[in-house]
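Trainee: Got a structure for you, upload.txt, holding compact mmCIF, C-alpha atoms and all ligand atoms.
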```
# COMPACT_ATOMS: atom_id res chain seq x y z
CA MET A 166 -158.38 13.41 -54.23
CA THR A 167 -159.11 9.75 -54.68
CA LEU A 168 -162.02 7.70 -53.42
CA LYS A 169 -159.52 5.69 -51.38
CA TYR A 170 -158.38 8.86 -49.62
CA ILE A 171 -161.94 9.94 -48.83
CA ILE A 172 -162.81 6.51 -47.43
CA THR A 173 -159.63 6.50 -45.31
CA GLN A 174 -160.56 9.91 -43.89
CA LEU A 175 -164.11 8.80 -43.11
CA VAL A 176 -162.84 5.67 -41.36
CA THR A 177 -160.34 7.80 -39.39
CA LEU A 178 -163.15 10.16 -38.34
CA ALA A 179 -165.27 7.21 -37.24
CA ILE A 180 -162.39 5.85 -35.13
CA LEU A 181 -161.79 9.30 -33.58
CA GLY A 182 -165.53 9.43 -32.82
CA GLY A 183 -165.14 6.06 -31.10
CA ILE A 184 -162.31 7.41 -28.91
CA MET A 185 -164.42 10.46 -28.02
CA GLY A 186 -167.26 8.12 -27.03
CA LEU A 187 -164.87 6.01 -24.96
CA VAL A 188 -163.59 9.07 -23.06
CA ALA A 189 -167.16 10.25 -22.36
CA TRP A 190 -168.03 6.76 -21.14
CA VAL A 191 -165.07 6.01 -18.86
CA LYS A 192 -165.29 9.39 -17.10
CA ILE A 193 -161.72 10.10 -16.02
CA PRO A 194 -161.61 13.91 -15.85
CA ARG A 195 -160.22 15.93 -12.94
CA ALA A 196 -162.49 16.25 -9.95
CA THR A 197 -164.25 19.61 -9.86
CA PRO A 198 -165.53 20.13 -6.33
CA PRO A 199 -167.33 23.47 -5.78
CA LEU A 200 -164.82 26.28 -5.35
CA ASP A 201 -164.36 27.84 -1.94
CA GLU A 202 -162.67 31.15 -1.17
CA ALA A 203 -159.31 29.58 -0.39
CA GLU A 204 -159.27 27.72 -3.71
CA VAL A 205 -160.28 30.86 -5.63
CA LYS A 206 -157.48 32.79 -3.90
CA ARG A 207 -154.96 30.07 -4.73
CA ARG A 208 -155.95 29.93 -8.39
CA LEU A 209 -156.10 33.69 -8.86
CA ALA A 210 -152.71 34.06 -7.17
CA GLU A 211 -151.27 31.76 -9.85
CA ASP A 212 -152.69 33.82 -12.71
CA PHE A 213 -152.48 37.28 -11.11
CA PRO A 214 -149.47 37.19 -8.79
CA GLN A 215 -148.94 40.14 -6.46
CA THR A 216 -152.54 41.26 -6.95
CA PRO A 217 -154.27 41.71 -3.60
CA LEU A 218 -157.94 40.77 -3.50
CA ASP A 219 -160.39 43.12 -1.80
CA GLN A 220 -163.38 40.81 -1.91
CA ILE A 221 -164.53 37.55 -3.53
CA TRP A 222 -168.01 36.59 -4.71
CA LEU A 223 -168.42 32.86 -5.36
CA ALA A 224 -170.81 31.59 -8.02
CA LEU A 225 -173.76 29.78 -6.43
CA ASP A 226 -172.89 26.55 -8.29
CA GLY A 227 -169.26 26.76 -7.17
CA ALA A 228 -168.06 26.84 -10.80
CA GLY A 229 -166.45 30.25 -10.72
CA ALA A 230 -165.99 33.53 -8.92
CA VAL A 231 -165.50 37.25 -9.31
CA ALA A 232 -162.91 39.05 -7.23
CA ARG A 233 -162.27 42.74 -6.94
CA SER A 234 -158.76 44.16 -6.82
CA ASP A 235 -159.04 47.94 -6.67
CA ASP A 236 -160.29 49.00 -10.12
CA LEU A 237 -159.88 45.52 -11.58
CA ALA A 238 -162.31 42.60 -11.66
CA LEU A 239 -160.68 39.16 -11.75
CA LEU A 240 -162.87 36.40 -13.10
CA LEU A 241 -162.43 32.69 -12.70
CA PHE A 242 -164.71 30.33 -14.61
CA ARG A 243 -164.87 26.61 -15.22
CA MET A 244 -164.27 25.15 -18.67
CA GLY A 245 -164.82 21.38 -18.74
CA ASP A 246 -162.81 20.13 -15.77
CA SER A 247 -160.41 23.09 -15.83
CA TYR A 248 -160.52 26.81 -15.08
CA VAL A 249 -159.90 29.93 -17.10
CA SER A 250 -159.26 33.40 -15.73
CA ARG A 251 -159.51 36.89 -17.16
CA SER A 252 -159.45 40.41 -15.82
CA MET A 253 -161.47 43.43 -16.82
CA ALA A 254 -162.15 46.93 -15.52
CA TRP A 255 -164.24 46.77 -12.37
CA SER A 256 -166.69 49.32 -13.78
CA GLN A 257 -167.12 47.16 -16.87
CA ALA A 258 -167.73 44.04 -14.77
CA LEU A 259 -170.61 45.82 -13.08
CA GLN A 260 -172.25 46.12 -16.51
CA ALA A 261 -172.55 42.30 -16.76
CA GLN A 262 -175.96 41.33 -18.06
CA ALA A 263 -178.06 39.02 -15.92
CA ILE A 264 -179.91 36.48 -18.04
CA LYS A 265 -181.78 33.54 -16.52
CA GLY A 266 -179.78 33.45 -13.33
CA ARG A 267 -176.38 33.93 -14.90
CA PHE A 268 -174.25 37.04 -15.24
CA TRP A 269 -172.62 37.42 -18.65
CA PHE A 270 -169.20 39.07 -18.80
CA ARG A 271 -167.80 40.09 -22.18
CA PHE A 272 -164.05 40.42 -22.67
CA ASN A 273 -162.39 42.22 -25.52
CA ASP A 274 -160.46 39.04 -26.32
CA PHE A 275 -161.01 36.61 -29.19
CA ALA A 276 -159.31 33.85 -27.16
CA ALA A 277 -162.03 34.10 -24.49
CA PRO A 278 -164.84 36.38 -25.65
CA LYS A 279 -167.24 35.80 -22.78
CA ALA A 280 -167.94 34.00 -19.54
CA SER A 281 -171.08 33.46 -17.51
CA LEU A 282 -171.27 32.98 -13.78
CA ALA A 283 -174.22 31.93 -11.61
CA LEU A 284 -173.76 34.77 -9.11
CA ALA A 285 -176.39 35.70 -6.54
CA PRO A 286 -179.22 37.67 -8.21
CA ASP A 287 -178.38 40.80 -6.21
CA TRP A 288 -174.67 40.54 -7.00
CA THR A 289 -174.42 43.86 -8.85
CA ARG A 290 -176.06 45.72 -5.97
CA ALA A 291 -173.87 43.98 -3.42
CA ALA A 292 -170.77 44.65 -5.51
CA MET A 293 -171.59 48.32 -5.97
CA GLY A 294 -172.25 48.78 -2.29
CA GLU A 295 -168.99 47.15 -1.37
CA THR A 296 -166.46 49.56 0.03
CA ILE A 297 -162.75 49.04 -0.05
CA MET B 208 -128.46 10.57 -60.38
CA ALA B 209 -132.19 9.96 -60.29
CA ALA B 210 -134.54 12.91 -59.88
CA PRO B 211 -135.65 13.42 -56.29
CA SER B 212 -138.99 11.81 -55.59
CA ALA B 213 -141.59 11.85 -52.85
CA PRO B 214 -140.68 9.61 -49.90
CA ALA B 215 -141.66 6.00 -50.43
CA ILE B 216 -142.71 5.78 -46.80
CA ASP B 217 -144.42 8.32 -44.56
CA PRO B 218 -143.65 7.46 -40.93
CA VAL B 219 -146.60 9.53 -39.68
CA THR B 220 -149.18 7.72 -41.83
CA LEU B 221 -147.69 4.37 -40.84
CA ALA B 222 -147.88 5.34 -37.18
CA VAL B 223 -151.55 6.40 -37.13
CA PRO B 224 -152.84 2.94 -36.05
CA PHE B 225 -150.21 2.96 -33.27
CA PHE B 226 -151.33 6.44 -32.16
CA ILE B 227 -154.93 5.27 -31.93
CA LEU B 228 -154.08 2.06 -30.07
CA ALA B 229 -151.82 3.90 -27.63
CA ILE B 230 -154.50 6.49 -26.83
CA VAL B 231 -157.12 3.78 -26.24
CA LEU B 232 -154.68 1.90 -24.04
CA GLU B 233 -153.82 5.01 -22.00
CA ILE B 234 -157.53 5.73 -21.47
CA LEU B 235 -158.34 2.17 -20.42
CA LEU B 236 -155.32 1.82 -18.10
CA ALA B 237 -156.19 5.16 -16.49
CA ARG B 238 -159.78 3.97 -16.00
CA LEU B 239 -158.47 0.83 -14.30
CA GLY B 240 -156.24 2.97 -12.10
CA LYS B 241 -153.07 1.41 -13.50
CA VAL B 242 -151.51 4.64 -14.86
CA LYS B 243 -151.88 8.36 -14.30
CA ALA B 244 -153.83 9.98 -17.13
CA VAL B 245 -156.63 12.52 -17.15
CA TYR B 246 -159.02 12.83 -20.07
CA GLU B 247 -161.89 15.30 -20.40
CA ALA B 248 -164.40 14.57 -23.14
CA LYS B 249 -164.56 17.95 -24.90
CA ASP B 250 -160.86 18.58 -24.50
CA THR B 251 -160.08 15.20 -26.09
CA ALA B 252 -162.52 15.83 -28.95
CA THR B 253 -160.79 19.17 -29.63
CA SER B 254 -157.35 17.55 -29.67
CA LEU B 255 -158.43 14.73 -31.99
CA LEU B 256 -160.22 17.07 -34.41
CA MET B 257 -157.22 19.40 -34.49
CA GLY B 258 -155.10 16.39 -35.43
CA PHE B 259 -157.54 15.39 -38.14
CA GLY B 260 -157.67 18.95 -39.53
CA SER B 261 -153.91 19.19 -39.42
CA GLY B 262 -153.69 16.13 -41.65
CA ILE B 263 -155.98 17.79 -44.21
CA ALA B 264 -154.01 21.07 -44.03
CA GLY B 265 -150.78 19.11 -44.45
CA LEU B 266 -152.15 17.42 -47.57
CA LEU B 267 -153.08 20.79 -49.09
CA THR B 268 -149.70 22.40 -48.40
CA GLY B 269 -147.35 19.40 -48.28
CA GLY B 270 -146.88 19.40 -52.04
CA VAL B 271 -145.67 23.00 -52.13
CA VAL B 272 -143.32 22.47 -49.18
CA PHE B 273 -141.86 19.32 -50.75
CA ALA B 274 -141.54 21.05 -54.15
CA ALA B 275 -139.51 23.85 -52.49
CA SER B 276 -137.20 21.23 -51.02
CA VAL B 277 -136.81 19.57 -54.44
CA TRP B 278 -136.11 22.93 -56.09
CA VAL B 279 -133.35 23.79 -53.60
CA TYR B 280 -131.92 20.28 -53.98
CA LYS B 281 -131.21 21.11 -57.65
CA TYR B 282 -128.39 23.31 -56.35
CA HIS B 283 -127.08 20.90 -53.72
CA LEU B 284 -123.45 21.16 -52.65
CA PHE B 285 -122.64 17.52 -51.88
CA ASP B 286 -123.94 14.16 -53.07
CA ILE B 287 -125.26 12.46 -49.96
CA PRO B 288 -126.40 8.88 -50.59
CA MET B 289 -129.65 7.78 -48.95
CA SER B 290 -128.22 4.27 -48.63
CA ALA B 291 -125.33 5.23 -46.30
CA ALA B 292 -125.68 4.72 -42.55
CA TRP B 293 -123.55 7.80 -41.82
CA ALA B 294 -125.96 9.88 -43.90
CA TRP B 295 -128.88 8.77 -41.70
CA LEU B 296 -126.91 9.58 -38.56
CA ALA B 297 -126.08 13.00 -40.00
CA ILE B 298 -129.67 13.78 -41.02
CA PHE B 299 -130.87 12.60 -37.61
CA LEU B 300 -128.61 15.11 -35.85
CA LEU B 301 -129.07 17.97 -38.31
CA GLU B 302 -132.84 17.59 -38.55
CA ASP B 303 -133.12 17.49 -34.77
CA PHE B 304 -130.93 20.59 -34.51
CA THR B 305 -133.16 22.34 -37.07
CA TYR B 306 -136.25 21.25 -35.15
CA TYR B 307 -134.87 22.78 -31.95
CA TRP B 308 -134.48 26.18 -33.60
CA PHE B 309 -137.83 25.91 -35.40
CA HIS B 310 -139.50 25.15 -32.07
CA ARG B 311 -137.66 27.90 -30.22
CA LEU B 312 -138.63 30.45 -32.88
CA SER B 313 -142.20 29.17 -32.68
CA HIS B 314 -142.31 30.13 -29.00
CA GLU B 315 -140.22 33.27 -28.91
CA ARG B 316 -141.67 35.24 -31.85
CA ARG B 317 -145.38 35.91 -32.12
CA PHE B 318 -145.83 35.37 -35.88
CA TRP B 319 -144.61 31.79 -35.54
CA TRP B 320 -146.20 31.35 -32.11
CA ALA B 321 -149.55 32.04 -33.83
CA ALA B 322 -149.05 28.85 -35.85
CA HIS B 323 -147.76 26.74 -32.94
CA VAL B 324 -149.82 27.96 -29.96
CA ASN B 325 -152.70 25.58 -30.74
CA HIS B 326 -150.51 22.64 -29.68
CA HIS B 327 -150.30 24.20 -26.21
CA THR B 328 -153.95 25.16 -25.70
CA SER B 329 -155.03 22.05 -23.83
CA GLN B 330 -155.03 22.20 -20.04
CA HIS B 331 -154.42 18.47 -20.19
CA TYR B 332 -151.35 16.48 -21.02
CA ASN B 333 -152.10 13.08 -22.49
CA LEU B 334 -151.49 11.17 -25.70
CA ALA B 335 -154.46 12.89 -27.36
CA THR B 336 -152.81 16.27 -26.69
CA ALA B 337 -149.97 15.12 -28.96
CA LEU B 338 -152.40 15.13 -31.89
CA ARG B 339 -153.41 18.77 -31.27
CA GLN B 340 -151.33 19.90 -34.24
CA THR B 341 -151.17 23.09 -36.26
CA TRP B 342 -153.37 23.97 -39.23
CA THR B 343 -151.32 27.01 -40.21
CA GLY B 344 -147.74 25.75 -39.95
CA ALA B 345 -147.10 25.92 -43.68
CA THR B 346 -148.50 29.46 -43.85
CA ALA B 347 -146.03 30.57 -41.20
CA GLY B 348 -143.23 29.44 -43.53
CA THR B 349 -141.06 27.70 -40.94
CA TRP B 350 -140.56 24.82 -43.38
CA ALA B 351 -137.94 27.08 -44.98
CA LEU B 352 -135.67 26.33 -42.00
CA TRP B 353 -135.20 22.78 -43.36
CA LEU B 354 -134.18 23.98 -46.85
CA PRO B 355 -130.46 24.29 -45.99
CA LEU B 356 -130.46 20.51 -45.51
CA SER B 357 -131.54 20.12 -49.16
CA LEU B 358 -128.88 22.60 -50.18
CA LEU B 359 -126.27 20.55 -48.33
CA GLY B 360 -127.29 17.55 -50.40
CA PHE B 361 -129.68 15.48 -48.31
CA PRO B 362 -132.32 14.07 -50.69
CA PRO B 363 -135.74 15.70 -50.00
CA ALA B 364 -137.29 12.27 -49.35
CA MET B 365 -134.70 11.59 -46.67
CA ILE B 366 -135.44 14.90 -44.93
CA ALA B 367 -139.19 14.25 -45.12
CA ILE B 368 -138.77 10.77 -43.61
CA GLN B 369 -136.60 12.10 -40.76
CA LYS B 370 -139.13 14.88 -40.06
CA GLY B 371 -141.79 12.18 -39.87
CA ILE B 372 -139.70 10.04 -37.52
CA SER B 373 -139.27 13.06 -35.22
CA LEU B 374 -143.01 13.73 -35.16
CA VAL B 375 -143.73 10.07 -34.39
CA TYR B 376 -141.11 10.08 -31.60
CA GLN B 377 -142.70 13.13 -30.05
CA PHE B 378 -146.11 11.44 -29.84
CA TRP B 379 -145.38 9.05 -27.01
CA ILE B 380 -143.78 11.64 -24.71
CA HIS B 381 -147.16 13.40 -24.26
CA THR B 382 -148.06 11.40 -21.20
CA GLU B 383 -148.20 11.63 -17.42
CA ALA B 384 -148.14 7.84 -17.21
CA VAL B 385 -144.33 7.79 -17.39
CA ARG B 386 -142.72 9.66 -14.52
CA ARG B 387 -138.97 9.41 -15.06
CA LEU B 388 -136.80 7.22 -17.28
CA PRO B 389 -133.26 6.01 -16.47
CA VAL B 390 -130.82 8.87 -15.88
CA TRP B 391 -128.94 8.36 -19.14
CA VAL B 392 -132.18 8.51 -21.14
CA GLU B 393 -133.28 11.72 -19.38
CA ALA B 394 -129.80 13.15 -20.04
CA LEU B 395 -129.83 12.47 -23.78
CA PHE B 396 -133.42 12.31 -24.97
CA ASN B 397 -136.56 14.38 -24.86
CA THR B 398 -138.77 12.46 -22.42
CA PRO B 399 -142.28 12.73 -20.99
CA SER B 400 -140.80 14.60 -18.00
CA HIS B 401 -138.93 17.16 -20.14
CA HIS B 402 -141.88 17.72 -22.46
CA ARG B 403 -144.35 18.08 -19.56
CA VAL B 404 -142.25 21.06 -18.54
CA HIS B 405 -142.47 22.40 -22.08
CA HIS B 406 -146.29 22.27 -21.90
CA ALA B 407 -146.47 23.91 -18.47
CA ARG B 408 -147.58 27.48 -17.84
CA ASN B 409 -145.89 27.85 -14.45
CA PRO B 410 -143.53 30.85 -14.82
CA ARG B 411 -140.62 28.63 -13.73
CA TYR B 412 -141.19 26.37 -16.73
CA LEU B 413 -142.07 28.88 -19.49
CA ASP B 414 -140.03 28.89 -22.71
CA SER B 415 -138.00 25.77 -22.08
CA ASN B 416 -137.27 22.30 -23.44
CA TYR B 417 -137.75 22.91 -27.17
CA ALA B 418 -136.20 19.56 -28.06
CA GLY B 419 -137.52 17.21 -30.70
CA ILE B 420 -135.78 13.89 -30.04
CA LEU B 421 -132.54 14.89 -28.27
CA ILE B 422 -132.65 17.13 -25.19
CA ILE B 423 -128.93 17.95 -25.68
CA TRP B 424 -129.76 21.10 -27.70
CA ASP B 425 -131.62 22.64 -24.75
CA ARG B 426 -128.72 21.78 -22.49
CA MET B 427 -126.28 23.33 -24.99
CA PHE B 428 -128.24 26.52 -25.65
CA GLY B 429 -129.42 27.21 -22.09
CA THR B 430 -133.13 26.45 -22.42
CA PHE B 431 -133.22 23.24 -20.39
CA VAL B 432 -135.41 23.27 -17.27
CA PRO B 433 -135.87 20.04 -15.28
CA GLU B 434 -139.25 18.98 -13.90
CA ILE B 435 -139.40 19.52 -10.16
CA ASP B 436 -141.68 17.22 -8.18
CA GLU B 437 -142.51 20.00 -5.70
CA GLU B 438 -143.90 22.13 -8.52
CA PRO B 439 -146.39 20.10 -10.57
CA CYS B 440 -146.89 21.29 -14.14
CA ARG B 441 -150.01 23.34 -14.80
CA TYR B 442 -150.70 22.78 -18.47
CA GLY B 443 -151.94 25.22 -21.07
CA VAL B 444 -151.01 28.73 -22.14
CA VAL B 445 -150.51 31.81 -19.99
CA LYS B 446 -154.02 33.02 -20.90
CA ASN B 447 -156.05 29.89 -21.48
CA LEU B 448 -158.78 29.77 -24.11
CA GLY B 449 -162.36 30.38 -22.97
CA ASP B 450 -163.94 27.41 -24.76
CA PHE B 451 -163.27 24.27 -26.83
CA ASN B 452 -164.12 25.74 -30.25
CA ILE B 453 -161.57 24.27 -32.69
CA LEU B 454 -161.64 27.36 -34.91
CA ARG B 455 -160.64 29.41 -31.87
CA VAL B 456 -157.86 26.92 -31.09
CA ALA B 457 -156.55 27.06 -34.66
CA PHE B 458 -156.81 30.79 -35.33
CA HIS B 459 -157.05 32.83 -32.09
CA GLU B 460 -153.52 34.19 -32.13
CA TRP B 461 -153.76 35.13 -35.81
CA VAL B 462 -156.93 37.07 -35.00
CA GLY B 463 -155.12 38.67 -32.04
CA ILE B 464 -152.22 39.76 -34.29
CA PHE B 465 -154.63 41.15 -36.88
CA SER B 466 -156.63 43.18 -34.37
CA ASP B 467 -153.43 44.50 -32.77
CA LEU B 468 -152.07 45.53 -36.18
CA LEU B 469 -155.24 47.57 -36.74
CA THR B 470 -154.34 49.63 -33.67
CA ALA B 471 -150.60 50.00 -34.47
CA LYS B 472 -149.54 53.64 -34.66
CA SER B 473 -146.11 53.13 -36.23
CA LEU B 474 -144.02 50.64 -38.11
CA ARG B 475 -142.19 49.88 -34.86
CA GLU B 476 -145.45 48.97 -33.16
CA ALA B 477 -146.56 46.87 -36.11
CA SER B 478 -143.30 44.92 -36.18
CA GLY B 479 -143.47 44.47 -32.40
CA TYR B 480 -146.96 43.00 -32.65
CA LEU B 481 -145.86 40.71 -35.49
CA PHE B 482 -142.34 39.67 -34.57
CA GLY B 483 -141.97 40.63 -30.92
CA ALA B 484 -142.23 38.06 -28.14
CA PRO B 485 -145.76 36.81 -27.54
CA GLY B 486 -147.30 39.23 -25.02
CA TRP B 487 -145.30 42.20 -26.33
CA SER B 488 -147.13 45.54 -26.22
CA PRO B 489 -145.91 49.08 -26.98
CA ASP B 490 -146.54 50.31 -23.42
CA GLY B 491 -145.58 47.10 -21.62
CA SER B 492 -149.13 46.68 -20.32
CA ARG B 493 -149.17 43.03 -21.35
CA GLN B 494 -146.70 40.45 -20.14
CA THR B 495 -144.18 38.42 -22.10
CA SER B 496 -142.87 35.18 -20.66
CA THR B 497 -139.59 36.92 -19.83
CA MET B 498 -141.53 39.45 -17.74
CA LEU B 499 -143.55 36.68 -16.07
CA LYS B 500 -140.39 34.77 -15.23
CA ALA B 501 -138.72 37.90 -13.83
CA GLN B 502 -141.78 38.66 -11.68
CA TRP B 503 -141.78 35.08 -10.43
CA ALA B 504 -138.04 35.24 -9.68
CA ASP B 505 -138.58 38.45 -7.67
CA MET B 506 -141.28 36.75 -5.65
CA GLN B 507 -138.98 33.81 -4.93
CA THR B 508 -136.34 36.10 -3.43
CA ALA B 509 -139.01 37.99 -1.49
CA GLU B 510 -140.53 34.84 -0.01
CA PRO B 511 -139.23 31.26 0.17
CA VAL B 512 -140.75 28.68 -2.15
CA LYS B 513 -144.06 27.41 -0.85
CA THR B 514 -145.17 24.03 -1.99
CA ASP B 515 -148.83 23.26 -1.94
CA PRO B 516 -149.82 19.62 -2.40
CA ALA B 517 -153.30 20.80 -3.46
CA ALA B 518 -151.67 22.46 -6.45
CA ALA B 519 -151.20 19.05 -8.01
CA SER B 520 -154.62 19.26 -9.67
ZN ZN C 1 -144.06 24.06 -28.20
ZN ZN C 2 -146.05 18.80 -27.22
```
Written as structure tokens, that's how I'd like the structure from this file.

Mentor:
Amino acid sequence: MTLKYIITQLVTLAILGGIMGLVAWVKIPRATPPLDEAEVKRRLAEDFPQTPLDQIWLALDGAGAVARSDDLALLLFRMGDSYVSRSMAWSQALQAQAIKGRFWFRFNDFAAPKASLALAPDWTRAAMGETI
Amino acid sequence: MAAPSAPAIDPVTLAVPFFILAIVLEILLARLGKVKAVYEAKDTATSLLMGFGSGIAGLLTGGVVFAASVWVYKYHLFDIPMSAAWAWLAIFLLEDFTYYWFHRLSHERRFWWAAHVNHHTSQHYNLATALRQTWTGATAGTWALWLPLSLLGFPPAMIAIQKGISLVYQFWIHTEAVRRLPVWVEALFNTPSHHRVHHARNPRYLDSNYAGILIIWDRMFGTFVPEIDEEPCRYGVVKNLGDFNILRVAFHEWVGIFSDLLTAKSLREASGYLFGAPGWSPDGSRQTSTMLKAQWADMQTAEPVKTDPAAAS
């Protein structure tokens, strides 16, 4: 590994840093208006087709939602200007830990190990009381 | 005949300044509202750092890959001169044909998908996405697919240059700024439209358009799917990643394979997890793209296609 190579790499990194700064500065991501029920339904229908939803709980900041489908919990959460979804057992979703106003869901999946949603503080109680 | 040597020119290295300029231009033109392009800060940083890391990984493994090509060339069947125009036409076609099968294998079998998936992890499609390149390509061994070209008699440097040209070509098609090109171009070449489809996770578009430079291979082997304006591409993978961590981008599928292998109860299960289609599971509880496409096709016959303009997010 020559000095020339190392310098070239450092210059490349600096230029890439410049591009990252430019992107942060110009602000051209997708719009992320707060989710409403219709939008949650539309997005979950894309990722979980033919899965009827019994009930939807929107995050208070509009950046995600939990939906119940029988014994499954479907989760939708924002990542940057995009959304990610995962499913887990409904009983497991009820175990989500509430820390500082956010519920933490842990998936058995290295590709998306966890998600947090700003659900209403009494979400677990409301969700447990919900009847199908 | 002189001993085969490393290529005198590396198209990819030469093209780096062009890559950078093109990305900056796309960002600025999008900001001015002149072209369609969407950039998210963390997503872009992940793509650029994956590209940077891929360069380092390529440097570490490139020597071994090139040495293998040189070793096979010792037994070459024909003398193919690097100075002949016909030889360049031949390597162009044969390399592109090889690329098609490399790319198809990289999507249809999980071991090779693990090395390629990172390129598809962005939910965006812009010139920076093009740089989201693999760190583990050499480990997956797909470079062996190019060895028959050395055996035929193409000098290793010539193959390396053509591989570089293909990679450089494929950079500029990662854009939403170009909608459609003239019909004859769309018929012959891999274009932004065709490659958008390749990056889409809509069931209709899964496992299609594996082309490098020429789209003719997809048309010949039945994997061509045109972009339909009524169904905008939703980019990413079937199960998108939960964060922007570059180590997760680079290694998540390898970790997935490893943890599945730990649970395998038979050799059949182990080989399914390794070499089955991505999404394969012993009990069918997960979904492969074939299953997703079949489910989607069923839904289409059950209900007519609904187009939702709001889906164009
Ligand atoms: Zn691909
Ligand atoms: Zn691509």

Trainee: Which is closer to chain B than all the others in A:Gly229, A:Pro278, A:Pro198, A:Pro217, using all atoms listed in the file?

Mentor: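 When distances to chain B are compared using all atoms listed in the file, the smallest one comes from A:Pro278.
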
Trainee: Tell me which protein, DNA and RNA residues are within 12 Å of Asp287 (chain A), counting all atoms listed in the file, leaving out same-chain ones fewer than 3 positions away, and put them as a PDB file with C-alpha atoms, in the frame of the given file.

Mentor:
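Just written: out24.pdb:
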```pdb
ATOM      1  CA  TRP A 222    -168.010  36.590  -4.710  1.00  0.00           C
ATOM      2  CA  LEU A 225    -173.760  29.780  -6.430  1.00  0.00           C
ATOM      3  CA  LEU A 259    -170.610  45.820 -13.080  1.00  0.00           C
ATOM      4  CA  ALA A 263    -178.060  39.020 -15.920  1.00  0.00           C
ATOM      5  CA  GLY A 266    -179.780  33.450 -13.330  1.00  0.00           C
ATOM      6  CA  ARG A 267    -176.380  33.930 -14.900  1.00  0.00           C
ATOM      7  CA  PHE A 268    -174.250  37.040 -15.240  1.00  0.00           C
ATOM      8  CA  ALA A 283    -174.220  31.930 -11.610  1.00  0.00           C
ATOM      9  CA  LEU A 284    -173.760  34.770  -9.110  1.00  0.00           C
ATOM     10  CA  ARG A 290    -176.060  45.720  -5.970  1.00  0.00           C
ATOM     11  CA  ALA A 291    -173.870  43.980  -3.420  1.00  0.00           C
ATOM     12  CA  ALA A 292    -170.770  44.650  -5.510  1.00  0.00           C
ATOM     13  CA  MET A 293    -171.590  48.320  -5.970  1.00  0.00           C
ATOM     14  CA  GLY A 294    -172.250  48.780  -2.290  1.00  0.00           C
TER      15      GLY A 294
END
```

Trainee: Set the cut-off to 8 Å, count all atoms listed in the file, and list whatever residues fall near ligand ZN 2 (chain C) as a PyMOL selection string.

Mentor: chain B and resi 326-327+336-337+377-378+380-381+402-403+405-406

Trainee: Report as number ranges by chain all protein, DNA and RNA residues lying within 10 Å of Leu178 (chain A), evaluated on all atoms listed in the file, omitting residues in the same chain fewer than 5 positions from it.

Mentor: A: 172-173, 183-184; B: 255-256, 259

Trainee: Quick one: which residues from chain B are at most 7 Å off chain A, using all atoms listed in the file, as a VMD selection string?

Mentor: chain B and resid 231 238 245 to 248 251 to 252 255 330 447 to 450 455 459 463

Trainee: Generate a file of the selected residues that holds C-alpha atoms, formatted as a PDB file, keeping the file's coordinate frame.

Mentor:
```pdb
ATOM      1  CA  VAL B 231    -157.120   3.780 -26.240  1.00  0.00           C
ATOM      2  CA  ARG B 238    -159.780   3.970 -16.000  1.00  0.00           C
ATOM      3  CA  VAL B 245    -156.630  12.520 -17.150  1.00  0.00           C
ATOM      4  CA  TYR B 246    -159.020  12.830 -20.070  1.00  0.00           C
ATOM      5  CA  GLU B 247    -161.890  15.300 -20.400  1.00  0.00           C
ATOM      6  CA  ALA B 248    -164.400  14.570 -23.140  1.00  0.00           C
ATOM      7  CA  THR B 251    -160.080  15.200 -26.090  1.00  0.00           C
ATOM      8  CA  ALA B 252    -162.520  15.830 -28.950  1.00  0.00           C
ATOM      9  CA  LEU B 255    -158.430  14.730 -31.990  1.00  0.00           C
ATOM     10  CA  GLN B 330    -155.030  22.200 -20.040  1.00  0.00           C
ATOM     11  CA  ASN B 447    -156.050  29.890 -21.480  1.00  0.00           C
ATOM     12  CA  LEU B 448    -158.780  29.770 -24.110  1.00  0.00           C
ATOM     13  CA  GLY B 449    -162.360  30.380 -22.970  1.00  0.00           C
ATOM     14  CA  ASP B 450    -163.940  27.410 -24.760  1.00  0.00           C
ATOM     15  CA  ARG B 455    -160.640  29.410 -31.870  1.00  0.00           C
ATOM     16  CA  HIS B 459    -157.050  32.830 -32.090  1.00  0.00           C
ATOM     17  CA  GLY B 463    -155.120  38.670 -32.040  1.00  0.00           C
TER      18      GLY B 463
END
```

Trainee: Name the closest residue to Pro363 (chain B) among the candidates B:Leu413, B:Ala275, B:Ile420, B:Val404; distances are taken between atoms, counting all atoms listed in the file.

Mentor: B:Ala275

Trainee: So which residues are close to (-151.8, 34.2, -36.4), meaning at most 6 Å away in the file's coordinates with all atoms listed in the file counted, and can you show them as a list in words?

Mentor: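 The residues near that point, listed by chain and number, are Ala321, Glu460, Trp461 and Ile464 of chain B.
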
Trainee: Could you tell me how far CA of Leu221 (chain B) lies from CA of Leu454 (chain B), in Å and to one decimal?

Mentor: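 Separation between CA of Leu221 (chain B) and CA of Leu454 (chain B): 27.5 Å.
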
Trainee: Separation of CA of Ala364 (chain B) and CA of Glu302 (chain B), in Å?

Mentor: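 So the two atoms, CA of Ala364 (chain B) and CA of Glu302 (chain B), lie 12.8 Å apart.
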
Trainee: For CA of Pro288 (chain B) and CA of Ile423 (chain B), quote the distance in Å rounded to one decimal.

Mentor: 26.6 Å

Trainee: Please determine, counting all atoms listed in the file, which residue among B:Thr305, B:Thr398, B:Asn416, B:Ser261 has the shortest atom-to-atom distance to ligand ZN 1 (chain C).

Mentor: B:Asn416

Trainee: Around (-150.7, 5.4, -31.5) in the file's own coordinates, what residues are found within 12 Å if you use only C-alpha atoms, given back as a VMD selection string?

Mentor: (chain A and resid 181) or (chain B and resid 218 to 233 333 to 335 337 to 338 374 to 381)
